[in-house]
Amino acid sequence: MKLLPIITILPILSLGLTGCNLYRTYSRPEVPAVDSLYNDSTRAYVDSAGSLGTMPWDSLFRDRCLRALVNRALENNTDLRVAFLRVDQAAASLNAAKLAYLPSLTFSPGGAITSVDGNKASKTYEIPVSLSWEIDLFGKLRNAKRESQAQLLGQTAYAQAVRSRLISSVAEAYYSLLMFDEQIDISTATIELWKEQLRAMELQLKVGDIRANAVSQARANLEQLLAANNGLMRQRREVENSICTLLGETYRPVERTSLKEQTLPADISVGLPLSLLSCRPDVVQAEMTLAASFYAVNQSRAAFYPSLTLGGSAGWTNSLGQAVSNPGGWLLQALGSLVQPIFQRGKLKANLRISEDEEEIALLNYRQTLLEAGQEVNDALYAIEAYSRDIEHHTSQSEALEKTVSSNELLFRTSNATYLELLSSRQDLLNSRLNLVVDKYNQLQSVVTLYRALGGGSETSGRSDP
């Protein structure tokens with residue numbers, strides 16, 4: 001087939017591209033749920049000027065020990081390093097998709113030695129360079145490139161999501177460690193007080209002021225406190241182990257401050273609901289999956305149309321024919337082929353249907369990711385408010401119980417109160433103090449959760465259209 005007729009029909013074929021919709025560009029679908037992602041109680045925290053999620057992590061976490069831990073995790077964490085290697089792989093795939101527009105060259109020298117009926121052997125050789133160039137008539141290569149670009153953006157968003165989760169995980173584990181430190185301190189102080197009380201009761205038993213069953217009960221409660229304290233120490237060690245794992249290191253004691261030194265942001269803003277589309281890396285990843293599925297559908301449609309490939313070869317050979325006195329010379333060849341699928345046993349239709357279903361699945365997942373993002377923001381904000389109220393209640397409760405314990409101790413010394421009354425009030429005070437520590441920890445955790453829910457720590461600058 002001559003190349004001139006093929007090249008002549010290219011403009012005619014190009015006229016049909018508009019009707020084929022093979023060069024369509026992805027655009028973000030309308031998501032009705034975006035404007036209602038935040039509930040009414042969240043409106044007070046909506047600020048168009050910015051949000052907690054845009055705050056750099058080292059501005060939110062001001063604890064020097066926590067900052068050092070996060071920096072070490074960002075340098076050494078295995079999952080984060082793997083995620084960035086995935087990004088590098090996606091970048092390589094995109095580069096290959098861009099180079100697909102260029103012709104391919106191959107160098108394939110060859111030779112042969114032939115002898116017939118024992119006659120003198122003849123030696124032939126060829127030193128050709130072959131060229132093949134696929135003309136992108138119906139957007140096959142263009143859509144493949146855009147799909148690779150969307151996949152690269154999706155992998156980048158995934159890496160940023162891993163980074164955001166890593167920062168949040170280190171902060172949460174660090175706050176857990178501080179909580180256990182505080183609880184162990186309270187438990188240890190209570191144990192020492194209990195031991196002192198037990199020694200006093202044993203002296204009272206000797207002089208007959210109390211009964212033996214009261215001493216036995218006090219000793220049993222002391223053993224229970226010791227067991228609970230041992231459980232807290234075990235949990236603290238497990239948290240230290242988990243932090244070291246996040247850092248990509250073997251176990252070592254974790255340097256830290258105290259729970260009382262932790263501060264919360266003065267102003268908490270969640271930004272506009274639309275900001276979640278570009279700030280949360282998991283939302284960006286879901287959208288890029290949708291974009292990649294969109295271009296996969298375009299490729300499946302393009303498979304129904306002809307493909308044009310131009311090719312040729314040039315080289316040197318000595319097998320131009322026996323009639324030539326000097327058979328060595330240049331070998332030039334030009335080729336062109338136009339392939340139109342006719343019957344593929346339903347394969348092309350099946351691929352198109354599968355691609356369209358994948359696009360619909362990606363759209364549903366994208367919308368669900370948005371809904372879950374809004375839910376996480378709403379839950380975290382409400383949790384911050386709820387734990388703030390719990391802190392107020394448990395603080396007041398602890399103050400009241402301290403007065404009750406002091407009163408019961410005085411009454412017990414004067415035999416106007418039973419040991420069970422004193423024991424009950426002390427146990428209530430211990431529980432109230434432990435609850436107060438848990439409330440402070442939960443409040444800090446809720447801020448970290450909100451920070452992650454708003455896309456904090458990902459260092460993304462928004463979406464780039466594929």
# chains A, B, ... in the order shown; residues from 1 in each chain; ligands from 1

call {"tool": "residues_around", "arguments": {"residues": "A:Glu287", "least_positions_apart": "4", "cutoff": "7 Å", "atoms": "only C-alpha atoms", "output": "ChimeraX atom specification"}}
result
/A:283,291,366

call {"tool": "write_last_selection", "arguments": {"atoms": "all heavy atoms", "output": "PDB file, in the first residue's frame"}}
result
ATOM      1  N   VAL A 283      -9.302  12.263  49.148  1.00  0.00           N
ATOM      2  CA  VAL A 283     -10.307  12.756  48.204  1.00  0.00           C
ATOM      3  C   VAL A 283      -9.664  12.988  46.838  1.00  0.00           C
ATOM      4  O   VAL A 283     -10.232  12.631  45.798  1.00  0.00           O
ATOM      5  CB  VAL A 283     -10.958  14.052  48.731  1.00  0.00           C
ATOM      6  CG1 VAL A 283     -11.894  14.648  47.687  1.00  0.00           C
ATOM      7  CG2 VAL A 283     -11.727  13.779  50.012  1.00  0.00           C
ATOM      8  N   ALA A 291     -10.651  10.023  37.266  1.00  0.00           N
ATOM      9  CA  ALA A 291     -10.118  10.575  36.022  1.00  0.00           C
ATOM     10  C   ALA A 291      -9.435   9.493  35.187  1.00  0.00           C
ATOM     11  O   ALA A 291      -9.595   9.435  33.964  1.00  0.00           O
ATOM     12  CB  ALA A 291      -9.149  11.708  36.331  1.00  0.00           C
ATOM     13  N   TYR A 366     -15.759   8.046  44.882  1.00  0.00           N
ATOM     14  CA  TYR A 366     -15.399   9.451  45.075  1.00  0.00           C
ATOM     15  C   TYR A 366     -16.449  10.158  45.933  1.00  0.00           C
ATOM     16  O   TYR A 366     -16.106  10.884  46.876  1.00  0.00           O
ATOM     17  CB  TYR A 366     -15.278  10.113  43.707  1.00  0.00           C
ATOM     18  CG  TYR A 366     -15.079  11.608  43.739  1.00  0.00           C
ATOM     19  CD1 TYR A 366     -14.008  12.183  44.422  1.00  0.00           C
ATOM     20  CD2 TYR A 366     -15.959  12.458  43.080  1.00  0.00           C
ATOM     21  CE1 TYR A 366     -13.824  13.556  44.448  1.00  0.00           C
ATOM     22  CE2 TYR A 366     -15.785  13.828  43.100  1.00  0.00           C
ATOM     23  CZ  TYR A 366     -14.723  14.368  43.774  1.00  0.00           C
ATOM     24  OH  TYR A 366     -14.552  15.732  43.806  1.00  0.00           O
TER      25      TYR A 366
END

call {"tool": "residues_around", "arguments": {"residues": "stretch 451-456 of chain A", "least_positions_apart": "5", "cutoff": "9 Å", "atoms": "only C-alpha atoms", "output": "list in words"}}
result
Ser51, Leu52, Gly53, Thr54, Met55, Pro56, Trp57, Leu60, Ala161, Ser164, Arg165, Ile167, Ser168, Val270, Gly271, Ser275, Leu276, Ser278, Cys279, Arg280, Pro281, Asp282, Ala373, Gly374, Glu376, Val377, Ala380 and Ser446 of chain A

call {"tool": "atom_distance", "arguments": {"atom1": "atom CA of A:Glu399", "atom2": "atom CA of A:Leu429"}}
result
8.8 Å

call {"tool": "closest_residue", "arguments": {"among": "A:Tyr295, A:Tyr419, A:Tyr441, A:Tyr38", "to": "A:Asn213", "atoms": "only C-alpha atoms"}}
result
A:Tyr419

call {"tool": "residues_around", "arguments": {"residues": "A:Leu381", "least_positions_apart": "3", "cutoff": "10 Å", "atoms": "only C-alpha atoms", "output": "number ranges by chain"}}
result
A: 41-42, 45, 268-270, 375-378, 384-386, 446-447, 449-450

call {"tool": "closest_residue", "arguments": {"among": "A:Arg24, A:Leu131, A:Asn39, A:Val31", "to": "A:Asn365", "atoms": "only C-alpha atoms"}}
result
A:Val31

call {"tool": "residues_around", "arguments": {"residues": "A:Ile391", "least_positions_apart": "4", "cutoff": "12 Å", "atoms": "only C-alpha atoms", "output": "list in words"}}
result
Ile384, Glu385, Ala386, Tyr387, Thr395, Ser396, Gln397, Ser398, Ser432, Arg433, Leu434, Asn435, Leu436, Val437, Val438, Asp439, Lys440, Tyr441, Asn442, Gln443 and Leu444 of chain A

call {"tool": "residues_around", "arguments": {"residues": "A:Glu75", "least_positions_apart": "4", "cutoff": "9 Å", "atoms": "only C-alpha atoms", "output": "PDB file with N, CA and C atoms, in the first residue's frame"}}
result
ATOM      1  N   VAL A  70       8.423  13.304  64.888  1.00  0.00           N
ATOM      2  CA  VAL A  70       7.788  13.373  63.568  1.00  0.00           C
ATOM      3  C   VAL A  70       8.845  13.498  62.477  1.00  0.00           C
ATOM      4  N   ASN A  71       9.852  14.316  62.699  1.00  0.00           N
ATOM      5  CA  ASN A  71      10.924  14.458  61.697  1.00  0.00           C
ATOM      6  C   ASN A  71      11.633  13.132  61.457  1.00  0.00           C
ATOM      7  N   LEU A  80       6.032   5.182  54.227  1.00  0.00           N
ATOM      8  CA  LEU A  80       6.153   6.440  53.486  1.00  0.00           C
ATOM      9  C   LEU A  80       7.183   6.314  52.373  1.00  0.00           C
ATOM     10  N   ARG A  81       8.272   5.648  52.643  1.00  0.00           N
ATOM     11  CA  ARG A  81       9.293   5.477  51.608  1.00  0.00           C
ATOM     12  C   ARG A  81       8.779   4.613  50.461  1.00  0.00           C
ATOM     13  N   LEU A 247       8.901   5.074  63.608  1.00  0.00           N
ATOM     14  CA  LEU A 247      10.144   5.761  63.270  1.00  0.00           C
ATOM     15  C   LEU A 247      11.082   4.894  62.442  1.00  0.00           C
ATOM     16  N   GLY A 248      10.719   3.627  62.255  1.00  0.00           N
ATOM     17  CA  GLY A 248      11.596   2.717  61.524  1.00  0.00           C
ATOM     18  C   GLY A 248      12.825   2.346  62.312  1.00  0.00           C
TER      19      GLY A 248
END

call {"tool": "select_by_dssp", "arguments": {"residues": "stretch 117-227 of chain A", "states": "helix (DSSP H, G or I)", "output": "count of residues only"}}
result
83

call {"tool": "closest_residue", "arguments": {"among": "A:Ser176, A:Ser300, A:Ser337, A:Thr156", "to": "A:Val87", "atoms": "only C-alpha atoms"}}
result
A:Thr156

call {"tool": "closest_residue", "arguments": {"among": "A:Leu308, A:Val254, A:Leu74, A:Glu196", "to": "A:Arg163", "atoms": "only C-alpha atoms"}}
result
A:Leu74

call {"tool": "atom_distance", "arguments": {"atom1": "atom CA of A:Leu352", "atom2": "atom CA of A:Lys140"}}
result
13.6 Å

call {"tool": "residues_around", "arguments": {"residues": "A:Lys123", "least_positions_apart": "3", "cutoff": "8 Å", "atoms": "only C-alpha atoms", "output": "ChimeraX atom specification"}}
result
/A:111-114

call {"tool": "write_last_selection", "arguments": {"atoms": "all heavy atoms", "output": "CSV table (one decimal), in the first residue's frame"}}
result
chain,number,residue,atom,x,y,z
A,111,GLY,N,23.0,-12.3,10.0
A,111,GLY,CA,23.8,-12.9,9.0
A,111,GLY,C,23.4,-14.4,8.8
A,111,GLY,O,22.8,-15.0,9.7
A,112,ALA,N,23.9,-14.9,7.7
A,112,ALA,CA,23.6,-16.4,7.4
A,112,ALA,C,24.7,-16.9,6.6
A,112,ALA,O,25.3,-16.2,5.7
A,112,ALA,CB,22.2,-16.5,6.7
A,113,ILE,N,25.0,-18.2,6.8
A,113,ILE,CA,25.9,-19.0,6.0
A,113,ILE,C,25.2,-20.2,5.4
A,113,ILE,O,24.6,-20.9,6.1
A,113,ILE,CB,27.1,-19.5,6.8
A,113,ILE,CG1,27.9,-18.3,7.4
A,113,ILE,CG2,28.0,-20.3,6.0
A,113,ILE,CD1,29.0,-18.7,8.3
A,114,THR,N,25.2,-20.2,4.0
A,114,THR,CA,24.4,-21.3,3.3
A,114,THR,C,25.3,-22.1,2.4
A,114,THR,O,26.1,-21.6,1.6
A,114,THR,CB,23.3,-20.6,2.5
A,114,THR,OG1,22.5,-19.8,3.3
A,114,THR,CG2,22.4,-21.7,1.9

call {"tool": "atom_distance", "arguments": {"atom1": "atom CA of A:Ile191", "atom2": "atom CA of A:Ala214"}}
result
17.2 Å

call {"tool": "closest_residue", "arguments": {"among": "A:Gly110, A:Glu360, A:Ser407, A:Glu240", "to": "A:Tyr125", "atoms": "only C-alpha atoms"}}
result
A:Gly110

call {"tool": "closest_residue", "arguments": {"among": "A:Val46, A:Leu420, A:Val82, A:Ala189", "to": "A:Ala159", "atoms": "only C-alpha atoms"}}
result
A:Val82
